[in-house]
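J.: The structure file coords31.pdb (PDB, C-alpha atoms) is provided below.
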MODEL        1
ATOM      1  CA  MET A 180      -5.806   5.148  18.096
ATOM      2  CA  VAL A 181      -8.647   6.457  16.022
ATOM      3  CA  ALA A 182      -8.169  10.139  15.269
ATOM      4  CA  ARG A 183     -10.155  12.405  17.568
ATOM      5  CA  ASN A 184     -13.534  13.212  16.119
ATOM      6  CA  VAL A 185     -14.057  16.852  15.285
ATOM      7  CA  ASN A 186     -17.157  18.052  17.098
ATOM      8  CA  ALA A 187     -18.933  14.833  16.155
ATOM      9  CA  TYR A 188     -21.866  13.448  18.135
ATOM     10  CA  ARG A 189     -24.755  11.202  17.302
ATOM     11  CA  ALA A 190     -27.408  13.866  16.776
ATOM     12  CA  ALA A 191     -25.217  16.163  14.669
ATOM     13  CA  SER A 192     -26.238  17.156  11.169
ATOM     14  CA  ALA A 193     -23.923  16.267   8.309
ATOM     15  CA  GLU A 194     -23.608  19.969   7.523
ATOM     16  CA  LYS A 195     -22.276  20.848  10.968
ATOM     17  CA  VAL A 196     -19.881  17.889  11.127
ATOM     18  CA  LEU A 197     -18.408  18.703   7.711
ATOM     19  CA  ALA A 198     -18.083  22.370   8.642
ATOM     20  CA  ALA A 199     -16.295  21.483  11.897
ATOM     21  CA  ILE A 200     -13.816  19.209  10.115
ATOM     22  CA  CYS A 201     -13.042  21.875   7.515
ATOM     23  CA  VAL A 202     -12.559  24.608  10.138
ATOM     24  CA  ASP A 203     -10.140  22.387  12.061
ATOM     25  CA  ALA A 204      -8.195  21.491   8.898
ATOM     26  CA  ILE A 205      -7.925  25.093   7.681
ATOM     27  CA  ARG A 206      -6.564  26.172  11.060
ATOM     28  CA  GLN A 207      -3.972  23.410  10.829
ATOM     29  CA  ILE A 208      -2.891  24.361   7.311
ATOM     30  CA  VAL A 209      -2.655  28.083   8.045
ATOM     31  CA  ALA A 210      -0.826  27.514  11.335
ATOM     32  CA  HIS A 211       1.947  25.483   9.700
ATOM     33  CA  ARG A 212       2.309  26.955   6.203
ATOM     34  CA  SER A 213       4.425  29.932   7.327
ATOM     35  CA  LYS A 214       7.205  27.623   8.572
ATOM     36  CA  VAL A 215       7.372  25.509   5.404
ATOM     37  CA  GLU A 216       9.761  28.020   3.784
ATOM     38  CA  LYS A 217      12.292  27.234   6.536
ATOM     39  CA  ILE A 218      12.477  23.688   5.124
ATOM     40  CA  VAL A 219      11.015  21.958   8.171
ATOM     41  CA  PRO A 220       9.627  18.551   7.120
ATOM     42  CA  GLU A 221       7.225  18.300  10.059
ATOM     43  CA  GLU A 222       5.586  21.617   9.138
ATOM     44  CA  LEU A 223       5.059  20.408   5.575
ATOM     45  CA  HIS A 224       3.709  17.130   6.932
ATOM     46  CA  GLN A 225       1.127  18.975   9.032
ATOM     47  CA  VAL A 226       0.019  21.017   6.017
ATOM     48  CA  ARG A 227      -0.407  17.837   3.980
ATOM     49  CA  ILE A 228      -2.473  16.241   6.764
ATOM     50  CA  GLY A 229      -4.752  19.286   6.776
ATOM     51  CA  LEU A 230      -5.230  19.012   3.018
ATOM     52  CA  ARG A 231      -5.990  15.296   3.290
ATOM     53  CA  LYS A 232      -8.571  15.974   6.011
ATOM     54  CA  ILE A 233     -10.490  18.349   3.767
ATOM     55  CA  ASP A 234     -10.195  16.036   0.776
ATOM     56  CA  THR A 235     -11.560  13.098   2.774
ATOM     57  CA  ALA A 236     -14.305  15.141   4.419
ATOM     58  CA  ILE A 237     -15.730  16.533   1.184
ATOM     59  CA  ARG A 238     -15.709  13.048  -0.352
ATOM     60  CA  LEU A 239     -17.364  11.593   2.736
ATOM     61  CA  PHE A 240     -20.115  14.228   2.776
ATOM     62  CA  SER A 241     -20.240  14.956  -0.970
ATOM     63  CA  ARG A 242     -24.030  14.373  -0.992
ATOM     64  CA  ILE A 243     -24.661  17.609   0.892
ATOM     65  CA  ILE A 244     -22.257  19.794  -1.118
ATOM     66  CA  PRO A 245     -23.437  21.600  -4.264
ATOM     67  CA  GLU A 246     -21.758  19.851  -7.199
ATOM     68  CA  GLU A 247     -20.112  23.012  -8.503
ATOM     69  CA  ASN A 248     -18.519  23.727  -5.117
ATOM     70  CA  TYR A 249     -17.370  20.137  -4.748
ATOM     71  CA  GLU A 250     -15.719  19.967  -8.177
ATOM     72  CA  ARG A 251     -13.939  23.291  -7.746
ATOM     73  CA  ILE A 252     -12.583  22.520  -4.261
ATOM     74  CA  ALA A 253     -11.545  18.976  -5.213
ATOM     75  CA  LYS A 254      -9.665  20.294  -8.265
ATOM     76  CA  GLU A 255      -7.822  22.957  -6.270
ATOM     77  CA  LEU A 256      -6.926  20.536  -3.479
ATOM     78  CA  LYS A 257      -5.408  18.202  -6.070
ATOM     79  CA  TRP A 258      -3.380  21.097  -7.485
ATOM     80  CA  LEU A 259      -2.068  22.111  -4.071
ATOM     81  CA  ARG A 260      -1.165  18.548  -3.051
ATOM     82  CA  GLY A 261       0.795  18.293  -6.285
ATOM     83  CA  GLU A 262       2.687  21.501  -5.506
ATOM     84  CA  VAL A 263       3.878  20.222  -2.118
ATOM     85  CA  SER A 264       4.446  16.558  -3.015
ATOM     86  CA  SER A 265       7.945  16.956  -4.508
ATOM     87  CA  ALA A 266       9.308  18.391  -1.274
ATOM     88  CA  ARG A 267       7.803  15.527   0.704
ATOM     89  CA  ASN A 268       9.221  12.893  -1.678
ATOM     90  CA  LEU A 269      12.689  14.421  -1.545
ATOM     91  CA  ASP A 270      12.524  14.552   2.264
ATOM     92  CA  VAL A 271      11.741  10.844   2.431
ATOM     93  CA  PHE A 272      14.428  10.062  -0.160
ATOM     94  CA  GLY A 273      16.994  11.806   2.023
ATOM     95  CA  ILE A 274      16.014   9.713   5.043
ATOM     96  CA  ASP A 275      15.528   6.345   3.339
ATOM     97  CA  ILE A 276      18.288   6.449   0.731
ATOM     98  CA  LEU A 277      20.882   9.168   1.246
ATOM     99  CA  LYS A 278      21.543   8.647   4.943
ATOM    100  CA  PRO A 279      21.957   4.845   4.905
ATOM    101  CA  PHE A 280      23.591   4.477   1.452
ATOM    102  CA  VAL A 281      25.421   7.666   0.488
ATOM    103  CA  ASN A 282      28.697   6.791   2.261
ATOM    104  CA  ARG A 283      28.969   3.628   0.147
ATOM    105  CA  TRP A 284      29.149   5.612  -3.100
ATOM    106  CA  ASP A 285      32.324   7.202  -4.481
ATOM    107  CA  PHE A 286      30.312  10.199  -5.603
ATOM    108  CA  GLY A 287      27.970  10.374  -2.614
ATOM    109  CA  ALA A 288      28.960  13.957  -1.818
ATOM    110  CA  VAL A 289      27.931  15.085  -5.305
ATOM    111  CA  VAL A 290      24.573  13.299  -5.031
ATOM    112  CA  SER A 291      23.975  14.879  -1.608
ATOM    113  CA  MET A 292      24.767  18.339  -2.945
ATOM    114  CA  LEU A 293      22.414  17.895  -5.904
ATOM    115  CA  HIS A 294      19.710  16.500  -3.663
ATOM    116  CA  ARG A 295      19.963  19.559  -1.454
ATOM    117  CA  ARG A 296      19.515  21.844  -4.470
ATOM    118  CA  GLU A 297      16.448  19.912  -5.571
ATOM    119  CA  LEU A 298      15.057  20.004  -2.033
ATOM    120  CA  ASP A 299      15.522  23.775  -1.781
ATOM    121  CA  GLN A 300      13.720  24.242  -5.101
ATOM    122  CA  ALA A 301      10.876  21.913  -4.088
ATOM    123  CA  TYR A 302      10.343  23.756  -0.806
ATOM    124  CA  ALA A 303      10.423  27.068  -2.672
ATOM    125  CA  GLN A 304       7.700  25.706  -4.975
ATOM    126  CA  ALA A 305       5.611  24.560  -1.996
ATOM    127  CA  THR A 306       6.073  27.892  -0.217
ATOM    128  CA  LYS A 307       5.074  29.846  -3.325
ATOM    129  CA  ALA A 308       1.911  27.775  -3.723
ATOM    130  CA  LEU A 309       0.963  28.122  -0.049
ATOM    131  CA  HIS A 310       1.244  31.915  -0.238
ATOM    132  CA  SER A 311      -0.311  32.361  -3.667
ATOM    133  CA  LYS A 312      -3.580  34.033  -4.652
ATOM    134  CA  ARG A 313      -4.768  30.634  -5.837
ATOM    135  CA  PHE A 314      -4.259  29.227  -2.340
ATOM    136  CA  ARG A 315      -6.177  32.133  -0.798
ATOM    137  CA  ARG A 316      -9.019  31.597  -3.250
ATOM    138  CA  LEU A 317      -9.149  27.946  -2.235
ATOM    139  CA  ILE A 318      -9.319  28.799   1.469
ATOM    140  CA  ASP A 319     -11.930  31.499   0.797
ATOM    141  CA  GLY A 320     -13.985  29.016  -1.209
ATOM    142  CA  ILE A 321     -13.915  26.479   1.614
ATOM    143  CA  GLY A 322     -14.799  29.261   4.053
ATOM    144  CA  LYS A 323     -17.844  30.211   1.993
ATOM    145  CA  LEU A 324     -18.885  26.564   1.862
ATOM    146  CA  ILE A 325     -18.632  26.386   5.655
ATOM    147  CA  LYS A 326     -20.850  29.463   6.060
ATOM    148  CA  PHE A 327     -23.344  28.007   3.613
ATOM    149  CA  LEU A 328     -23.454  24.684   5.475
ATOM    150  CA  VAL A 329     -23.743  26.211   8.931
ATOM    151  CA  GLY A 330     -26.403  28.652   7.761
ATOM    152  CA  ARG A 331     -28.492  26.044   5.975
ATOM    153  CA  THR A 332     -31.838  25.533   7.659
ATOM    154  CA  SER A 333     -33.909  22.425   7.269
ATOM    155  CA  SER A 334     -36.853  22.707   4.907
ATOM    156  CA  ALA A 335     -39.050  20.416   2.880
ATOM    157  CA  ALA A 336     -37.007  21.212  -0.229
ATOM    158  CA  HIS A 337     -33.569  21.009   1.401
ATOM    159  CA  PRO A 338     -33.728  19.097   4.675
ATOM    160  CA  THR A 339     -30.565  18.839   6.744
ATOM    161  CA  GLN A 340     -29.374  15.261   7.110
ATOM    162  CA  PRO A 341     -28.082  13.382  10.157
ATOM    163  CA  ALA A 342     -24.344  12.925   9.818
ATOM    164  CA  ALA A 343     -24.569   9.234  10.725
ATOM    165  CA  ASP A 344     -27.015   8.545   7.874
ATOM    166  CA  VAL A 345     -24.800  10.242   5.306
ATOM    167  CA  ALA A 346     -21.692   8.563   6.744
ATOM    168  CA  VAL A 347     -23.165   5.053   6.492
ATOM    169  CA  ARG A 348     -23.724   5.348   2.766
ATOM    170  CA  ALA A 349     -20.324   6.902   2.167
ATOM    171  CA  LEU A 350     -18.470   4.357   4.320
ATOM    172  CA  ASN A 351     -20.178   1.464   2.554
ATOM    173  CA  ALA A 352     -19.099   2.906  -0.804
ATOM    174  CA  MET A 353     -15.543   3.338   0.456
ATOM    175  CA  MET A 354     -15.479  -0.261   1.699
ATOM    176  CA  LYS A 355     -16.380  -1.492  -1.784
ATOM    177  CA  LYS A 356     -13.509   0.471  -3.280
ATOM    178  CA  MET A 357     -11.151  -1.007  -0.696
ATOM    179  CA  ARG A 358     -11.782  -4.487  -2.131
ATOM    180  CA  ILE A 359      -9.015  -3.809  -4.610
ATOM    181  CA  GLY A 360      -6.775  -4.905  -1.743
ATOM    182  CA  ARG A 361      -7.825  -8.525  -2.227
ATOM    183  CA  SER A 362      -5.576  -8.696  -5.285
ATOM    184  CA  ALA A 363      -2.813  -6.402  -4.010
ATOM    185  CA  ARG A 364      -0.010  -8.788  -5.031
ATOM    186  CA  HIS A 365      -1.067  -8.472  -8.671
ATOM    187  CA  LEU A 366      -1.656  -4.716  -8.825
ATOM    188  CA  SER A 367       0.432  -2.355 -10.925
ATOM    189  CA  ASP A 368       2.443   0.379  -9.227
ATOM    190  CA  ARG A 369      -0.213   2.891 -10.272
ATOM    191  CA  ASP A 370      -3.012   0.813  -8.755
ATOM    192  CA  LEU A 371      -1.023   0.258  -5.566
ATOM    193  CA  HIS A 372      -0.662   4.029  -5.266
ATOM    194  CA  ARG A 373      -4.420   4.416  -5.807
ATOM    195  CA  PHE A 374      -5.029   1.773  -3.146
ATOM    196  CA  ARG A 375      -2.765   3.653  -0.755
ATOM    197  CA  LEU A 376      -4.809   6.846  -1.250
ATOM    198  CA  ARG A 377      -8.029   4.938  -0.582
ATOM    199  CA  THR A 378      -6.487   3.495   2.569
ATOM    200  CA  LYS A 379      -5.580   6.977   3.810
ATOM    201  CA  ARG A 380      -9.061   8.299   3.133
ATOM    202  CA  MET A 381     -10.673   5.315   4.819
ATOM    203  CA  ARG A 382      -8.526   5.845   7.902
ATOM    204  CA  TYR A 383      -9.402   9.535   8.137
ATOM    205  CA  ALA A 384     -13.074   8.759   7.514
ATOM    206  CA  ILE A 385     -13.088   6.365  10.466
ATOM    207  CA  GLY A 386     -11.595   9.068  12.657
ATOM    208  CA  PHE A 387     -14.247  11.540  11.557
ATOM    209  CA  THR A 388     -17.236   9.235  11.977
ATOM    210  CA  SER A 389     -16.635   6.700  14.766
ATOM    211  CA  GLY A 390     -18.138   9.062  17.349
ATOM    212  CA  LEU A 391     -21.364   9.269  15.370
ATOM    213  CA  PHE A 392     -22.357   5.718  16.272
ATOM    214  CA  GLY A 393     -22.012   5.741  20.039
ATOM    215  CA  LYS A 394     -19.700   4.101  22.539
ATOM    216  CA  PRO A 395     -20.175   0.486  21.327
ATOM    217  CA  ALA A 396     -18.718   1.422  17.921
ATOM    218  CA  GLU A 397     -15.411   2.701  19.302
ATOM    219  CA  LYS A 398     -13.750  -0.695  19.765
ATOM    220  CA  GLY A 399     -14.611  -1.759  16.216
ATOM    221  CA  ALA A 400     -13.366   1.561  14.889
ATOM    222  CA  GLU A 401     -10.073   1.145  16.743
ATOM    223  CA  LYS A 402      -9.616  -2.328  15.256
ATOM    224  CA  MET A 403     -10.263  -1.114  11.718
ATOM    225  CA  ALA A 404      -8.021   1.919  12.205
ATOM    226  CA  LYS A 405      -5.100  -0.229  13.391
ATOM    227  CA  SER A 406      -5.263  -2.517  10.356
ATOM    228  CA  LEU A 407      -5.469   0.534   8.095
ATOM    229  CA  ARG A 408      -2.490   2.147   9.816
ATOM    230  CA  ASP A 409      -0.410  -0.961   9.119
ATOM    231  CA  LEU A 410      -1.738  -1.223   5.569
ATOM    232  CA  GLN A 411      -0.928   2.413   4.859
ATOM    233  CA  ALA A 412       2.626   1.988   6.155
ATOM    234  CA  TYR A 413       3.324  -1.086   4.024
ATOM    235  CA  LEU A 414       1.836   0.482   0.899
ATOM    236  CA  GLY A 415       3.905   3.577   1.611
ATOM    237  CA  GLU A 416       7.085   1.495   1.619
ATOM    238  CA  ILE A 417       6.326   0.343  -1.915
ATOM    239  CA  THR A 418       5.189   3.636  -3.420
ATOM    240  CA  ASP A 419       8.049   5.503  -1.747
ATOM    241  CA  GLY A 420      10.454   2.921  -3.163
ATOM    242  CA  GLU A 421       9.231   3.646  -6.680
ATOM    243  CA  SER A 422       9.629   7.358  -6.013
ATOM    244  CA  HIS A 423      13.179   6.810  -4.735
ATOM    245  CA  VAL A 424      14.218   5.083  -7.956
ATOM    246  CA  LYS A 425      12.808   7.938 -10.066
ATOM    247  CA  ILE A 426      14.545  10.571  -7.938
ATOM    248  CA  LEU A 427      17.835   8.698  -8.103
ATOM    249  CA  HIS A 428      17.723   8.383 -11.885
ATOM    250  CA  HIS A 429      17.044  12.117 -12.068
ATOM    251  CA  LEU A 430      19.954  12.926  -9.747
ATOM    252  CA  MET A 431      22.313  10.618 -11.637
ATOM    253  CA  LYS A 432      21.610  12.490 -14.854
ATOM    254  CA  LYS A 433      22.535  15.658 -12.963
ATOM    255  CA  VAL A 434      25.739  13.991 -11.708
ATOM    256  CA  GLU A 435      26.857  13.316 -15.287
ATOM    257  CA  GLN A 436      26.412  16.997 -16.053
ATOM    258  CA  GLN A 437      28.836  18.031 -13.301
ATOM    259  CA  PRO A 438      32.118  18.940 -15.069
ATOM    260  CA  MET A 439      34.215  18.550 -11.894
ATOM    261  CA  SER A 440      32.654  15.331 -10.660
ATOM    262  CA  GLY A 441      35.518  13.181 -11.912
ATOM    263  CA  LEU A 442      33.207  10.329 -12.865
ATOM    264  CA  GLY A 443      33.669   8.090 -15.853
ATOM    265  CA  ALA A 444      30.921   8.370 -18.429
ATOM    266  CA  GLY A 445      27.913   6.597 -17.027
ATOM    267  CA  ALA A 446      29.898   4.094 -14.920
ATOM    268  CA  GLY A 447      28.476   5.098 -11.570
ATOM    269  CA  ARG A 448      25.067   5.801 -13.050
ATOM    270  CA  ALA A 449      24.682   2.197 -14.188
ATOM    271  CA  ARG A 450      25.921   0.697 -10.937
ATOM    272  CA  LEU A 451      24.057   2.854  -8.434
ATOM    273  CA  PRO A 452      20.473   2.392  -9.621
ATOM    274  CA  HIS A 453      21.133  -1.340  -9.999
ATOM    275  CA  SER A 454      22.011  -1.698  -6.316
ATOM    276  CA  LEU A 455      19.028   0.379  -5.274
ATOM    277  CA  ILE A 456      16.609  -1.444  -7.559
ATOM    278  CA  GLY A 457      17.766  -4.753  -6.075
ATOM    279  CA  HIS A 458      17.089  -3.410  -2.590
ATOM    280  CA  GLN A 459      13.667  -2.072  -3.603
ATOM    281  CA  THR A 460      12.685  -5.366  -5.272
ATOM    282  CA  TRP A 461      13.473  -7.264  -2.080
ATOM    283  CA  ARG A 462      11.594  -4.716   0.025
ATOM    284  CA  ARG A 463       8.606  -4.752  -2.329
ATOM    285  CA  GLU A 464       8.134  -8.512  -2.028
ATOM    286  CA  ARG A 465       8.433  -8.307   1.742
ATOM    287  CA  MET A 466       5.862  -5.516   1.928
ATOM    288  CA  LEU A 467       3.385  -7.293  -0.369
ATOM    289  CA  LYS A 468       3.230 -10.198   2.086
ATOM    290  CA  LYS A 469       2.596  -7.785   4.945
ATOM    291  CA  ILE A 470      -0.047  -5.954   2.907
ATOM    292  CA  ALA A 471      -1.942  -9.208   2.372
ATOM    293  CA  ALA A 472      -1.963  -9.886   6.132
ATOM    294  CA  ALA A 473      -2.971  -6.315   7.039
ATOM    295  CA  TYR A 474      -5.754  -6.287   4.474
ATOM    296  CA  GLY A 475      -7.026  -9.602   5.813
ATOM    297  CA  ALA A 476      -7.202  -8.046   9.296
ATOM    298  CA  PHE A 477      -9.060  -5.054   7.856
ATOM    299  CA  GLU A 478     -11.700  -7.208   6.168
ATOM    300  CA  ALA A 479     -12.046  -9.353   9.297
ATOM    301  CA  ALA A 480     -12.941  -6.299  11.373
ATOM    302  CA  LYS A 481     -16.717  -5.823  11.395
ATOM    303  CA  PRO A 482     -17.622  -2.346  10.115
ATOM    304  CA  PHE A 483     -18.549  -0.383  13.235
ATOM    305  CA  TRP A 484     -21.388   1.444  11.480
ATOM    306  CA  HIS A 485     -23.372  -1.666  10.512
ATOM    307  CA  GLY A 486     -25.555  -1.490  13.623
ATOM    308  CA  HIS A 487     -26.855   1.926  12.619
ATOM    309  CA  HIS A 488     -30.391   2.000  11.217
ATOM    310  CA  ARG A 489     -31.350   4.907   8.981
TER     311      ARG A 489
ENDMDL
END
Could you write out this file's structure as structure tokens?
T.:
Amino acid sequence: MVARNVNAYRAASAEKVLAAICVDAIRQIVAHRSKVEKIVPEELHQVRIGLRKIDTAIRLFSRIIPEENYERIAKELKWLRGEVSSARNLDVFGIDILKPFVNRWDFGAVVSMLHRRELDQAYAQATKALHSKRFRRLIDGIGKLIKFLVGRTSSAAHPTQPAADVAVRALNAMMKKMRIGRSARHLSDRDLHRFRLRTKRMRYAIGFTSGLFGKPAEKGAEKMAKSLRDLQAYLGEITDGESHVKILHHLMKKVEQQPMSGLGAGAGRARLPHSLIGHQTWRRERMLKKIAAAYGAFEAAKPFWHGHHR
């Protein structure tokens, strides 16, 4: 399903729609951040969703945000996402790699123990960031932006703009950036990660804007959202796979430093990544085929906003 629109209706101003999205996202972040320190993956996931909502919303409605405010908020959001990303990556590594493979390794118990240490440290880092003065300044800054947007009155110099008009231009620009998917099979890992981020933003943007174009647009929005959901999942398989290999190499270096591990010098380290890399290579090729099909479905779906006339 398309995500529920946040207070969005056809006659709404862009200022009010953006403010409503930000209010909803801040409530979500604040509601879940206090439980992150208990190392609950779902709580961290909800915080990350809230951050992605704000990131997408300010990009979508960047035309109505003072440039200085936009740059500052975008920079701080990037910082905060970076602070919580390690915990998320280690969570996924535990599910995708440790649980299915660890019993096959002679030194699986050591890897699990080291992974747990890394996970505890990553959650401590995320918790510290989410309770820092820098975090509070970010939330205060977004709050001030919301007050500014809600309090803005239309004038000849600064007229308020219909949300649908602003959304059309932004969605068209996002569609152009999505064309990178046409050559997905030939993209580098870095570009695939960039494509994944664009896919996420596009999916959120559809959820925020589909209600701005009336009932007839909903079916088209649902179709686009489904293809994006599949595309995001397949891209995630690849980018997570690359992350898994990096985490494993890091943990194997730690294993060699364990004086009581009983491992021969480097023997397990050479064998373990090799088996994982083979698995990831197979999975990557499989996912690239699925990405091509999902992207084809996305391009085949007629943009639901094309019937809107500004």
J.: Given the file shown, determine the residues that the PyMOL selection byres ((chain A and resi 327) around 12) selects; report them as a count of residues only.
T.: 20
J.: Out of A:Ala352, A:Val196, A:Ala342, A:Val263, which residue has the shortest atom-to-atom distance to Pro220 (chain A) when counting all atoms listed in the file?
T.: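 When distances to Pro220 (chain A) are compared using all atoms listed in the file, the smallest one comes from A:Val263.
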J.: Could you tell me, as an MDAnalysis selection string, exactly which residues end up selected when the PyMOL selection byres ((chain A and resi 268) around 12) is applied to this structure?
T.: chainID A and resid 220 223:224 260:267 269:276 294 297:298 301:302 415 418:427
J.: Measure the distance from CA of Gly229 (chain A) to CA of Glu250 (chain A) in Å and round it to one decimal.
T.: 18.6 Å
J.: Find, counting only C-alpha atoms, the residue in A:Lys278, A:Arg377, A:Arg212, A:Arg408 that gets nearest to Ala308 (chain A).
T.: A:Arg212
J.: Could you list, as number ranges by chain, every residue within 9 Å of Leu230 (chain A), counting all atoms listed in the file and ignoring same-chain residues fewer than 5 positions away?
T.: A: 204-205, 208, 225, 235, 256, 259-260
J.: Report as a ChimeraX atom specification all protein, DNA and RNA residues lying within 12 Å of Leu376 (chain A), evaluated on only C-alpha atoms, omitting residues in the same chain fewer than 2 positions from it.
T.: /A:231,234-235,353,356-357,359-360,369-374,378-383,407,410-412,414-415,418
